[in-house]
Amino acid sequence: QRLMSARPDPRDSTSWEKYIDYGKEKIVVQRGELPNVIKSLKTTLAPKSSKFVVITDENVWKLWGAKIDGYLSAERLDFIVHQLRPGEETKTRATKEKIEDFMIEQRCGRDTCLLAIGGGVVGDIGGFVAATYMRGIPFIQIPTTLPAMVDSSIGGKTGVDTPSGKNLIGAFHHPSLVCIDPDFLTTLDARQYFNGFAEIIKTAAIRDCGLFQLLESNAMALAAREDSTLLEEVILRTAANKAYVVSIDNTEQGVRSTLNFGHTIGHAIEALTFPNLLHGECVAIGMVLETKLSNFMGHLESSSTVGRLLRLLQAYQLPVSVPPFLDFRQLLEKMSVDKKNAGSRIRSTIICAVGRTLESPVPVPSDLLQLVIQPSLVIVPQPQPLHGKIVVPGSKSLSNRVLTLAALGAGSCEIQGLLHADDTQHMLDALEQLGITMRWDSSGQTLLIRGSQGALREPTKALYLGNAGTASRFLTSVCALLPRGTSAVLTGSSRLKERPIKDLTDALQSNGVQIDFLEKANCFPLRVHGGGLSGGRICLEAEVSSQFVSSILLSAPYAREPVTLILDGKVVSQPFIDMTLRIMEPFGIQGEFTGGAYCVPRGAYRNPENYIVEADASSASYPLAIAAITGGEVEVLNVGSQSLQGDSRFALDVLQRMGCAVLQTDTTTKVQGPPLGHLKAIDVDMEHLTDTFMTAAVLMAVASGTSRITGIANQRLKECNRIAAMVCELTKLGIHATELSDGLEIRGCGGKLESLKGFSSNEEVVIECYKDHRIAMSFAVLGAVVQGICISDKECVDKTYPEFWVAMRDQLGLTVRPPAVESTQSPSCGQFDSNVTIVLVGMRGSGKSMMGKALAHATERVFVDMDHEFESQHGKISEFVSRYGWPEFRKVEYDMLFARLQTLKTGGVVSTGGGVVETKDTVDRLKFGPWLVLQLVRPLPEISHSLALDNSRVSLGEPVEATWARRASLYKRASHFEFALPSHIDWNVAERSLASFAKRLLSGSPTPAPWTFFLCLTLPNISRGIDPTAFQDVDAVELRVDLLESHDPDFVRFQIGALRQLTRLPIIFTVRTTDEGGNFSFDVPRVAELLDVARREACEYIDFQAAWLSHTTLFSCVKAANCTAIVSIHDFDSIPTEQHTIDLLRRAEQIAGKFAKAILKVVLHARSTAEATAVLSGKEKFASECSRPAICIAAGEKGKITRLLNSWFTPTTHPTLAVAAPGQLSATIIRDLRGELGI
């Protein structure tokens, strides 16, 4: 299909006027324009109209009603107002009918003009009424939200939603005028504001490259609403682009359909997530996926477009991935009824480059949609050698070093070849927060960065760095250069918080830098205080990471004295340190290694005019390895012997030794692999090639003989424990792999692929990626010859190589397909048959045998210990393993387990061996079989102690911690729930507690009765004991996780375990954030981790704060738990009134409807008896329209009466506990008072 042809249109404009007129409708964009428009109603805009109907919503009228009323009254206009309830759910045929009935009752004739003042819902439904009332009356759009200003108000589309989909019934009816007054945005909350930028970015992506660049270069200013003139220009350009398209294709028969970019998938997501996600948020996700779809279909001219779009959407706080609880089949069903479809074929707008698309939507195969949408994919082995030439993306290591240098330097620098990936995006975002200005050129290939000369700005918010180890470590030193008296907080994902930083922070602190650790000592998040480095002699432990060394070297020129950096211990990854010094040279600083130390003079970086980042040598290892493993020939065109990177030696030091022919020039590397099965086993020290050890490991898996990789001990501290992860995932495939102290040993299959799991079972073997890009790409290499390899997280390659899958397919011929579709819904409490067999999994020494036997007795089931059964048939496990090896033991263990489960489908308790989960098929069959699988979890030190006292078990040859690191995720995948056994446990109590826990799982979540109470625990550590009388007179107990002394998920897990030993009462799991009166600083990943603990521990109730609604990760965590959700709203600032109480309860009810079981909870603060009475009155009126159980109380001394009269789950305290909220009473006092009052 032809590309959209060039026409005179808004994209050609260099200056902008406030008026837009393309014939169909007139648009004005001007601050303070609303009064002028109202003045013009009778003279020019609607001279034939004698009556005006204002359609708006309650929120808009509350904020702007007085002003609008004043403007209309001042002109002596005859007007009436009809307010709608805010929200998409109002956009229905029933609402339209009510408006029409209202207008008929008010005797509105054809001389009526309708004013739609509000967001997209008001404009759509108001316009539809205007289109059909009296066969059409004039109307004026006055949008009040950013999405409406730049999109829905323009173009004459009107309509309502139906249960089958959005906007399926409507009409084209153009307004006489669209009045865009940006003053309305001053009262728009942040989420709605950013919601509108999705439509702005959409317009820029499909039509206006200049606008896209403007948005990239000014993201911080626009996000902060700092520049009103700039915001007006952005709105005007976006509106003008849409108006122009509408003018040349009014009824969406051609080019106008391109405005639906992101909507094919976005509308489906919106239909399934409403009201959790807003329209723009869904379109943002849709744009990312449809851009990737274009890339897979071969229409995208540059894969970097995906990265640019991702970066831009994230800069405006928009989501970019499908919520994890959505099922592909559900999305496909919704997409099949999209109005853009042609018959039964789903169609999508196809983007070709920033600013250009195909002119019309094209049909998209459902399997390709599935491949793009689902998180995983399957590699299809190739029957022939793979050949090709390929260019790999820029180096992550070099990109982050160059960005650091250019940001600190003087002058401007054009950087080409920069890696477009997650890690560099985190660095770019952080540098912008530190005051560095930058902009991309029109192609998105060159970044112009203006250096700060070392003068950084204090960031206004925490620097979130994901799991970017390089960026986080470099910036820790950089932030020390902030002015004295300022500081910066650095934080990231849960994995980043586990990665070591101590050696670096110790060195910085010894050099005068003040660093505060905000959670755990020596870990992120941390606060770095400005003031600079003292300089002089700095000692640094260098055994863990070379990034610590590079971090100090990069910032050293700005110290007050020349730096002499002395490294203690064995230095790891020396080539990366050498690389840092070599990169500093073109920026004007000459560091050197002399006298056993690194010496860096004082000075300032001088930015070169341009710098070209060389290609990533680690990324080059994957296509070269594909040649090696398939016997093909592959040439990487932009990595050769002159590379600064140590990993450029991979082809010569590893592949050549394994039997490949290697030809390397200064700038290229070519590899010819031997025939399949002829790779040789080698022993290799990869200390200087650490990032490519995983690529080598997968080749060794199919080599002849046993290979060993050493010198990589620090890889246990990367994105994950990479050594343990490789051993675990290779073992799943039937490859014998073991950990060494500083590496791993692999016994290759010698090309006998039929002996591996994928071939023998003809099933998909799911490779866990651990959010580690290198694991995904390494196993893609193995998938080129091994059947059934399924990569669990295909998107994790975005960290360094976003275009990996498309590049491997198009350049080398590697084939991928979507995996088999499985439901993402977890089994919930009460979904199991009451007599289901219960399977116990967990580490050795976790108590499976003893606890299982007691559980079987308590629940009248048959008990089976699989280790005992094995030994009764095959002798001692230790002797069997010694004779036949672990792989054979695992095979026999697997066969015996499922043979036994087949004979015991119901009525049993089965205790399994600790390593049963190391067989992949076992994990899947347990999780999806007709059994209830429970994981027993016990603190590792106690397990170690127990095992030390037991000499009867066969040794695993590694510490308990290493075994746990390998198995933890497998236990989680294999089991439905877990039961935590805290330290110093009373086993008799634990046995009874487990029996009670299991019975509750089989019976389902409880439903609270009227006049019930729950106890609010406000203790920092449950393990220290609770007065047993605290549990008397209450019906449940609330664990205030935010008040615990630690928020570490493991600590919380064992706190729940300790609580279950003290009481059988249902548990309410609450993480109250600071903005709702709690003690937890809101952070989505951290809250999600804790909610997942609640789900796994099967807490009966989970408190879901209504403010979390926009965060689909949190919603999906609670929804997946299938417990009873307590939808809570805490509003301590507003004055409690009857109507406000009703409004809050209605809002909570809207959210509660998304959960299978839910209770409402609204807490206000009463400062007078009258306010408390208003709360009671509001709750009573709400109860007449909704029967759902609702907790509705007012905090404070004046609000005690609301607690006394609250009927459902009243929160209470106990004399031995601190009160959780002012005015809280004990259950005993409330019962006594109710008795006295006859309640």
# chains A, B, ... in the order shown; residues from 1 in each chain; ligands from 1
call {"tool": "residues_around", "arguments": {"residues": "region 643-656 of chain A", "least_positions_apart": "5", "cutoff": "10 Å", "atoms": "only C-alpha atoms", "output": "tab-separated table (two decimals) with C-alpha atoms, in the first residue's frame"}}
result
chain	number	residue	atom	x	y	z
A	395	SER	CA	26.62	-0.86	23.59
A	397	SER	CA	28.10	-0.10	28.77
A	398	LEU	CA	29.39	2.57	26.40
A	573	SER	CA	35.92	-7.41	34.76
A	574	GLN	CA	39.12	-5.45	34.15
A	575	PRO	CA	38.23	-4.67	30.49
A	576	PHE	CA	35.29	-2.55	31.64
A	578	ASP	CA	40.01	-0.02	30.87
A	579	MET	CA	37.03	0.96	28.70
A	580	THR	CA	36.07	3.73	31.15
A	582	ARG	CA	39.64	5.13	27.22
A	583	ILE	CA	36.25	6.82	26.89
A	614	GLU	CA	30.10	1.50	19.07
A	615	ALA	CA	27.93	-1.59	18.81
A	616	ASP	CA	27.36	-3.90	21.75
A	617	ALA	CA	29.82	-6.81	21.72
A	618	SER	CA	27.71	-8.81	24.18
A	619	SER	CA	24.68	-8.54	21.89
A	620	ALA	CA	26.85	-9.70	18.98
A	621	SER	CA	27.46	-13.00	20.77
A	624	LEU	CA	27.37	-15.50	16.22
A	625	ALA	CA	26.31	-18.33	18.54
A	627	ALA	CA	25.89	-19.76	13.49
A	628	ALA	CA	27.88	-21.97	15.84
A	629	ILE	CA	24.95	-24.06	17.04
A	638	ASN	CA	29.73	-3.53	13.38
A	661	ALA	CA	35.95	-20.91	11.98
A	662	VAL	CA	36.34	-17.23	12.92
A	663	LEU	CA	37.37	-14.29	10.71
A	664	GLN	CA	37.64	-10.92	12.47
A	666	ASP	CA	38.86	-4.22	12.72
A	667	THR	CA	35.09	-3.68	12.44
A	668	THR	CA	33.47	-7.05	11.59
A	669	THR	CA	33.30	-10.60	12.94
A	670	LYS	CA	32.31	-13.66	10.89
A	671	VAL	CA	31.67	-17.14	12.32
A	672	GLN	CA	31.16	-20.45	10.49
A	673	GLY	CA	29.83	-23.16	12.77
A	679	LEU	CA	30.90	-28.42	18.90
A	680	LYS	CA	33.74	-29.27	21.31
A	682	ILE	CA	36.12	-26.62	26.57
A	683	ASP	CA	37.27	-25.26	29.91
A	684	VAL	CA	37.39	-21.48	29.81
A	685	ASP	CA	38.04	-18.66	32.27
A	686	MET	CA	35.50	-15.98	31.30
A	687	GLU	CA	36.44	-13.34	33.86
A	688	HIS	CA	37.01	-10.84	31.04
A	689	LEU	CA	33.95	-12.02	29.06
A	690	THR	CA	31.40	-12.23	31.86
A	691	ASP	CA	28.38	-10.91	29.96
A	692	THR	CA	28.73	-13.66	27.35
A	693	PHE	CA	29.10	-16.65	29.67
A	695	THR	CA	25.80	-17.61	25.47
A	696	ALA	CA	28.72	-19.99	25.91
A	699	LEU	CA	26.50	-23.93	23.26
call {"tool": "select_by_dssp", "arguments": {"residues": "region 293-350 of chain A", "states": "alpha helix (DSSP H)", "output": "compact mmCIF listing (two decimals) with all heavy atoms, in the first residue's frame"}}
result
# COMPACT_ATOMS: atom_id res chain seq x y z
N LEU A 293 3.69 -4.70 16.40
CA LEU A 293 3.01 -5.46 15.36
C LEU A 293 3.51 -5.03 13.98
O LEU A 293 3.81 -5.87 13.12
CB LEU A 293 1.50 -5.22 15.48
CG LEU A 293 0.57 -6.02 14.58
CD1 LEU A 293 0.65 -7.50 14.91
CD2 LEU A 293 -0.87 -5.52 14.75
N SER A 294 3.63 -3.73 13.77
CA SER A 294 4.15 -3.22 12.51
C SER A 294 5.56 -3.72 12.26
O SER A 294 5.94 -4.07 11.14
CB SER A 294 4.13 -1.69 12.53
OG SER A 294 4.74 -1.15 11.39
N ASN A 295 6.35 -3.77 13.34
CA ASN A 295 7.72 -4.25 13.22
C ASN A 295 7.74 -5.73 12.81
O ASN A 295 8.49 -6.13 11.91
CB ASN A 295 8.44 -4.07 14.56
CG ASN A 295 9.95 -4.04 14.42
OD1 ASN A 295 10.48 -3.82 13.34
ND2 ASN A 295 10.64 -4.27 15.52
N PHE A 296 6.90 -6.55 13.44
CA PHE A 296 6.83 -7.97 13.10
C PHE A 296 6.34 -8.17 11.67
O PHE A 296 6.71 -9.13 11.00
CB PHE A 296 5.91 -8.70 14.07
CG PHE A 296 6.62 -9.30 15.25
CD1 PHE A 296 6.54 -8.71 16.50
CD2 PHE A 296 7.38 -10.46 15.12
CE1 PHE A 296 7.21 -9.26 17.59
CE2 PHE A 296 8.05 -11.01 16.19
CZ PHE A 296 7.96 -10.42 17.44
N MET A 297 5.48 -7.26 11.19
CA MET A 297 4.93 -7.40 9.84
C MET A 297 5.87 -6.84 8.77
O MET A 297 5.59 -6.95 7.58
CB MET A 297 3.58 -6.69 9.76
CG MET A 297 2.51 -7.33 10.63
SD MET A 297 0.95 -6.41 10.63
CE MET A 297 0.33 -6.80 8.99
N SER A 304 14.15 1.26 16.06
CA SER A 304 14.33 2.26 17.12
C SER A 304 13.06 3.04 17.39
O SER A 304 12.91 3.65 18.46
CB SER A 304 15.46 3.23 16.76
OG SER A 304 15.11 4.02 15.63
N THR A 305 12.12 3.02 16.43
CA THR A 305 10.84 3.70 16.65
C THR A 305 10.11 3.13 17.87
O THR A 305 9.45 3.86 18.61
CB THR A 305 9.95 3.57 15.40
OG1 THR A 305 10.63 4.14 14.29
CG2 THR A 305 8.61 4.27 15.58
N VAL A 306 10.23 1.83 18.07
CA VAL A 306 9.60 1.20 19.24
C VAL A 306 10.16 1.82 20.52
O VAL A 306 9.42 2.21 21.42
CB VAL A 306 9.82 -0.32 19.25
CG1 VAL A 306 9.20 -0.94 20.50
CG2 VAL A 306 9.25 -0.96 18.00
N GLY A 307 11.49 1.92 20.58
CA GLY A 307 12.13 2.49 21.76
C GLY A 307 11.77 3.95 21.99
O GLY A 307 11.53 4.37 23.12
N ARG A 308 11.73 4.73 20.90
CA ARG A 308 11.37 6.15 21.04
C ARG A 308 9.96 6.31 21.59
O ARG A 308 9.70 7.14 22.48
CB ARG A 308 11.46 6.87 19.69
CG ARG A 308 12.86 7.10 19.19
CD ARG A 308 12.85 7.90 17.89
NE ARG A 308 12.53 9.31 18.12
CZ ARG A 308 12.33 10.19 17.14
NH1 ARG A 308 12.37 9.77 15.87
NH2 ARG A 308 12.06 11.45 17.41
N LEU A 309 9.04 5.50 21.07
CA LEU A 309 7.66 5.58 21.53
C LEU A 309 7.54 5.16 23.00
O LEU A 309 6.86 5.82 23.79
CB LEU A 309 6.76 4.71 20.65
CG LEU A 309 5.27 4.74 20.97
CD1 LEU A 309 4.71 6.15 20.80
CD2 LEU A 309 4.51 3.77 20.08
N LEU A 310 8.22 4.08 23.36
CA LEU A 310 8.21 3.64 24.75
C LEU A 310 8.72 4.74 25.67
O LEU A 310 8.11 5.04 26.71
CB LEU A 310 9.09 2.39 24.91
CG LEU A 310 8.48 1.04 24.56
CD1 LEU A 310 9.58 -0.02 24.47
CD2 LEU A 310 7.46 0.62 25.60
N ARG A 311 9.86 5.33 25.31
CA ARG A 311 10.45 6.37 26.16
C ARG A 311 9.51 7.55 26.32
O ARG A 311 9.35 8.09 27.41
CB ARG A 311 11.77 6.86 25.55
CG ARG A 311 12.92 5.91 25.69
CD ARG A 311 14.24 6.62 25.45
NE ARG A 311 14.24 7.31 24.17
CZ ARG A 311 14.60 6.76 23.02
NH1 ARG A 311 14.97 5.50 23.00
NH2 ARG A 311 14.59 7.46 21.90
N LEU A 312 8.88 7.96 25.21
CA LEU A 312 8.02 9.14 25.27
C LEU A 312 6.78 8.88 26.12
O LEU A 312 6.39 9.72 26.95
CB LEU A 312 7.61 9.55 23.85
CG LEU A 312 6.95 10.92 23.72
CD1 LEU A 312 7.87 12.02 24.25
CD2 LEU A 312 6.60 11.21 22.27
N LEU A 313 6.16 7.74 25.96
CA LEU A 313 4.97 7.42 26.76
C LEU A 313 5.32 7.36 28.24
O LEU A 313 4.58 7.87 29.09
CB LEU A 313 4.37 6.09 26.29
CG LEU A 313 3.73 6.09 24.90
CD1 LEU A 313 3.43 4.68 24.44
CD2 LEU A 313 2.45 6.93 24.90
N GLN A 314 6.46 6.75 28.55
CA GLN A 314 6.85 6.64 29.96
C GLN A 314 7.20 8.00 30.53
O GLN A 314 6.97 8.25 31.73
CB GLN A 314 8.02 5.67 30.09
CG GLN A 314 7.62 4.22 29.84
CD GLN A 314 8.80 3.28 29.74
OE1 GLN A 314 9.87 3.66 29.26
NE2 GLN A 314 8.63 2.05 30.18
N ALA A 315 7.74 8.91 29.70
CA ALA A 315 8.06 10.25 30.18
C ALA A 315 6.80 11.00 30.61
O ALA A 315 6.86 11.88 31.48
CB ALA A 315 8.78 11.03 29.08
N PHE A 328 -5.36 -13.39 26.62
CA PHE A 328 -5.35 -13.06 25.19
C PHE A 328 -6.69 -13.37 24.53
O PHE A 328 -7.17 -12.62 23.68
CB PHE A 328 -4.24 -13.81 24.47
CG PHE A 328 -4.33 -13.71 22.97
CD1 PHE A 328 -4.00 -12.53 22.32
CD2 PHE A 328 -4.79 -14.77 22.21
CE1 PHE A 328 -4.11 -12.42 20.95
CE2 PHE A 328 -4.91 -14.67 20.84
CZ PHE A 328 -4.56 -13.49 20.20
N ARG A 329 -7.32 -14.47 24.93
CA ARG A 329 -8.58 -14.85 24.31
C ARG A 329 -9.66 -13.81 24.58
O ARG A 329 -10.50 -13.53 23.73
CB ARG A 329 -9.00 -16.23 24.80
CG ARG A 329 -8.13 -17.35 24.24
CD ARG A 329 -8.36 -18.65 24.96
NE ARG A 329 -7.96 -18.59 26.36
CZ ARG A 329 -7.83 -19.65 27.15
NH1 ARG A 329 -8.09 -20.85 26.68
NH2 ARG A 329 -7.45 -19.52 28.40
N GLN A 330 -9.63 -13.22 25.77
CA GLN A 330 -10.59 -12.15 26.08
C GLN A 330 -10.34 -10.93 25.20
O GLN A 330 -11.29 -10.33 24.68
CB GLN A 330 -10.45 -11.75 27.56
CG GLN A 330 -10.80 -12.84 28.56
CD GLN A 330 -10.49 -12.38 29.97
OE1 GLN A 330 -9.36 -12.01 30.29
NE2 GLN A 330 -11.48 -12.42 30.83
N LEU A 331 -9.09 -10.57 25.04
CA LEU A 331 -8.75 -9.43 24.20
C LEU A 331 -9.16 -9.67 22.75
O LEU A 331 -9.71 -8.78 22.09
CB LEU A 331 -7.25 -9.14 24.28
CG LEU A 331 -6.74 -8.56 25.60
CD1 LEU A 331 -5.24 -8.60 25.66
CD2 LEU A 331 -7.24 -7.13 25.78
N LEU A 332 -8.90 -10.87 22.26
CA LEU A 332 -9.24 -11.20 20.87
C LEU A 332 -10.75 -11.11 20.65
O LEU A 332 -11.23 -10.61 19.62
CB LEU A 332 -8.74 -12.60 20.52
CG LEU A 332 -8.78 -12.97 19.04
CD1 LEU A 332 -7.87 -12.06 18.23
CD2 LEU A 332 -8.38 -14.43 18.86
N GLU A 333 -11.51 -11.56 21.63
CA GLU A 333 -12.98 -11.50 21.53
C GLU A 333 -13.44 -10.05 21.42
O GLU A 333 -14.32 -9.72 20.62
CB GLU A 333 -13.61 -12.18 22.74
CG GLU A 333 -15.12 -12.19 22.72
CD GLU A 333 -15.72 -12.83 23.96
OE1 GLU A 333 -14.97 -13.45 24.73
OE2 GLU A 333 -16.93 -12.69 24.15
N LYS A 334 -12.85 -9.17 22.23
CA LYS A 334 -13.23 -7.75 22.19
C LYS A 334 -12.79 -7.11 20.87
O LYS A 334 -13.52 -6.31 20.29
CB LYS A 334 -12.63 -7.01 23.37
CG LYS A 334 -13.22 -7.38 24.73
CD LYS A 334 -14.69 -7.02 24.81
CE LYS A 334 -15.27 -7.36 26.16
NZ LYS A 334 -16.74 -7.09 26.23
N MET A 335 -11.61 -7.47 20.40
CA MET A 335 -11.13 -6.89 19.14
C MET A 335 -11.99 -7.33 17.96
O MET A 335 -12.10 -6.62 16.96
CB MET A 335 -9.67 -7.29 18.90
CG MET A 335 -8.68 -6.51 19.75
SD MET A 335 -6.95 -6.86 19.30
CE MET A 335 -6.66 -8.30 20.31
call {"tool": "atom_distance", "arguments": {"atom1": "CA of Leu1217 (chain A)", "atom2": "CA of Gly1025 (chain A)"}}
result
11.7 Å
call {"tool": "atom_distance", "arguments": {"atom1": "CA of Gly466 (chain A)", "atom2": "CA of Pro275 (chain A)"}}
result
27.3 Å
call {"tool": "closest_residue", "arguments": {"among": "A:Thr1112, A:Ser152, A:Leu230, A:Leu84", "to": "Glu281 (chain A)", "atoms": "only C-alpha atoms"}}
result
A:Thr1112
call {"tool": "residues_around", "arguments": {"residues": "Thr132 (chain A)", "least_positions_apart": "2", "cutoff": "12 Å", "atoms": "only C-alpha atoms", "output": "number ranges by chain"}}
result
A: 96-97, 99-100, 110, 114, 125-130, 134-139, 158-159, 170-173
call {"tool": "write_last_selection", "arguments": {"atoms": "N, CA, C and O atoms", "output": "mmCIF file, in the first residue's frame"}}
result
data_model
loop_
_atom_site.group_PDB
_atom_site.id
_atom_site.type_symbol
_atom_site.label_atom_id
_atom_site.label_comp_id
_atom_site.auth_asym_id
_atom_site.auth_seq_id
_atom_site.Cartn_x
_atom_site.Cartn_y
_atom_site.Cartn_z
ATOM 1 N N LYS A 96 -28.763 9.113 27.419
ATOM 2 C CA LYS A 96 -29.199 9.950 26.293
ATOM 3 C C LYS A 96 -30.717 10.164 26.357
ATOM 4 O O LYS A 96 -31.222 11.276 26.150
ATOM 5 N N GLU A 97 -31.436 9.121 26.667
ATOM 6 C CA GLU A 97 -32.899 9.218 26.758
ATOM 7 C C GLU A 97 -33.315 10.180 27.865
ATOM 8 O O GLU A 97 -34.248 10.980 27.698
ATOM 9 N N ILE A 99 -31.640 12.756 28.992
ATOM 10 C CA ILE A 99 -31.371 14.132 28.551
ATOM 11 C C ILE A 99 -32.475 14.598 27.608
ATOM 12 O O ILE A 99 -32.988 15.734 27.722
ATOM 13 N N GLU A 100 -32.848 13.741 26.684
ATOM 14 C CA GLU A 100 -33.891 14.113 25.723
ATOM 15 C C GLU A 100 -35.225 14.346 26.417
ATOM 16 O O GLU A 100 -35.947 15.303 26.092
ATOM 17 N N ARG A 110 -36.437 23.448 18.054
ATOM 18 C CA ARG A 110 -35.330 23.411 17.101
ATOM 19 C C ARG A 110 -34.471 24.658 17.188
ATOM 20 O O ARG A 110 -33.390 24.720 16.593
ATOM 21 N N LEU A 114 -27.136 23.461 22.018
ATOM 22 C CA LEU A 114 -26.621 22.660 23.135
ATOM 23 C C LEU A 114 -25.150 22.995 23.368
ATOM 24 O O LEU A 114 -24.348 23.028 22.424
ATOM 25 N N ILE A 125 -21.852 12.251 24.284
ATOM 26 C CA ILE A 125 -23.288 12.033 24.484
ATOM 27 C C ILE A 125 -24.060 13.315 24.181
ATOM 28 O O ILE A 125 -25.176 13.274 23.627
ATOM 29 N N GLY A 126 -23.462 14.476 24.512
ATOM 30 C CA GLY A 126 -24.119 15.746 24.181
ATOM 31 C C GLY A 126 -24.236 15.927 22.678
ATOM 32 O O GLY A 126 -25.274 16.351 22.161
ATOM 33 N N GLY A 127 -23.163 15.584 21.960
ATOM 34 C CA GLY A 127 -23.205 15.688 20.505
ATOM 35 C C GLY A 127 -24.208 14.737 19.886
ATOM 36 O O GLY A 127 -24.882 15.086 18.899
ATOM 37 N N PHE A 128 -24.342 13.523 20.455
ATOM 38 C CA PHE A 128 -25.301 12.556 19.934
ATOM 39 C C PHE A 128 -26.733 13.048 20.149
ATOM 40 O O PHE A 128 -27.608 12.903 19.276
ATOM 41 N N VAL A 129 -26.983 13.643 21.312
ATOM 42 C CA VAL A 129 -28.302 14.239 21.552
ATOM 43 C C VAL A 129 -28.569 15.332 20.526
ATOM 44 O O VAL A 129 -29.650 15.400 19.918
ATOM 45 N N ALA A 130 -27.587 16.202 20.302
ATOM 46 C CA ALA A 130 -27.756 17.291 19.336
ATOM 47 C C ALA A 130 -27.983 16.757 17.923
ATOM 48 O O ALA A 130 -28.737 17.343 17.136
ATOM 49 N N MET A 134 -34.885 16.654 17.599
ATOM 50 C CA MET A 134 -35.582 17.436 16.571
ATOM 51 C C MET A 134 -34.886 17.292 15.206
ATOM 52 O O MET A 134 -34.823 18.223 14.414
ATOM 53 N N ARG A 135 -34.292 16.092 14.981
ATOM 54 C CA ARG A 135 -33.562 15.776 13.755
ATOM 55 C C ARG A 135 -32.327 16.648 13.552
ATOM 56 O O ARG A 135 -31.865 16.844 12.432
ATOM 57 N N GLY A 136 -31.818 17.174 14.664
ATOM 58 C CA GLY A 136 -30.551 17.882 14.592
ATOM 59 C C GLY A 136 -30.639 19.325 15.026
ATOM 60 O O GLY A 136 -31.391 20.104 14.443
ATOM 61 N N ILE A 137 -29.913 19.679 16.065
ATOM 62 C CA ILE A 137 -29.824 21.069 16.525
ATOM 63 C C ILE A 137 -28.346 21.426 16.625
ATOM 64 O O ILE A 137 -27.485 20.549 16.720
ATOM 65 N N PRO A 138 -28.017 22.715 16.572
ATOM 66 C CA PRO A 138 -26.602 23.103 16.663
ATOM 67 C C PRO A 138 -26.054 22.847 18.075
ATOM 68 O O PRO A 138 -26.797 22.862 19.057
ATOM 69 N N PHE A 139 -24.752 22.607 18.141
ATOM 70 C CA PHE A 139 -24.141 22.496 19.473
ATOM 71 C C PHE A 139 -22.704 22.994 19.412
ATOM 72 O O PHE A 139 -22.097 23.091 18.341
ATOM 73 N N THR A 158 -19.888 11.366 17.458
ATOM 74 C CA THR A 158 -20.679 11.345 18.683
ATOM 75 C C THR A 158 -21.167 9.921 18.898
ATOM 76 O O THR A 158 -21.189 9.114 17.965
ATOM 77 N N GLY A 159 -21.565 9.592 20.116
ATOM 78 C CA GLY A 159 -22.056 8.235 20.317
ATOM 79 C C GLY A 159 -22.134 7.826 21.767
ATOM 80 O O GLY A 159 -21.769 8.582 22.679
ATOM 81 N N GLY A 170 -23.956 5.710 17.275
ATOM 82 C CA GLY A 170 -23.680 7.135 17.270
ATOM 83 C C GLY A 170 -23.903 7.734 15.902
ATOM 84 O O GLY A 170 -24.510 7.122 15.012
ATOM 85 N N ALA A 171 -23.402 8.962 15.705
ATOM 86 C CA ALA A 171 -23.589 9.674 14.433
ATOM 87 C C ALA A 171 -22.453 10.664 14.247
ATOM 88 O O ALA A 171 -21.739 11.008 15.198
ATOM 89 N N PHE A 172 -22.248 11.114 12.993
ATOM 90 C CA PHE A 172 -21.337 12.216 12.724
ATOM 91 C C PHE A 172 -22.153 13.506 12.785
ATOM 92 O O PHE A 172 -23.126 13.675 12.042
ATOM 93 N N HIS A 173 -21.780 14.408 13.681
ATOM 94 C CA HIS A 173 -22.489 15.674 13.829
ATOM 95 C C HIS A 173 -21.478 16.711 14.299
ATOM 96 O O HIS A 173 -21.031 16.681 15.452
#
call {"tool": "select_by_dssp", "arguments": {"residues": "region 339-566 of chain A", "states": "strand (DSSP E)", "output": "MDAnalysis selection string"}}
result
chainID A and resid 347:348 351:353 356:357 362:363 377:380 388:390 412:416 437:440 446:450 463:464 487:491 515:517 526:529 536:541 563:566
call {"tool": "atom_distance", "arguments": {"atom1": "CA of Leu63 (chain A)", "atom2": "CA of Glu199 (chain A)"}}
result
24.6 Å
call {"tool": "residues_around", "arguments": {"residues": "Ile201 (chain A)", "least_positions_apart": "6", "cutoff": "12 Å", "atoms": "only C-alpha atoms", "output": "ChimeraX atom specification"}}
result
/A:147,150-151,194-195,207-216,219,234-235,237-238,241,259,261-262,280-281,283-284,287-288,308-316,318,354-355
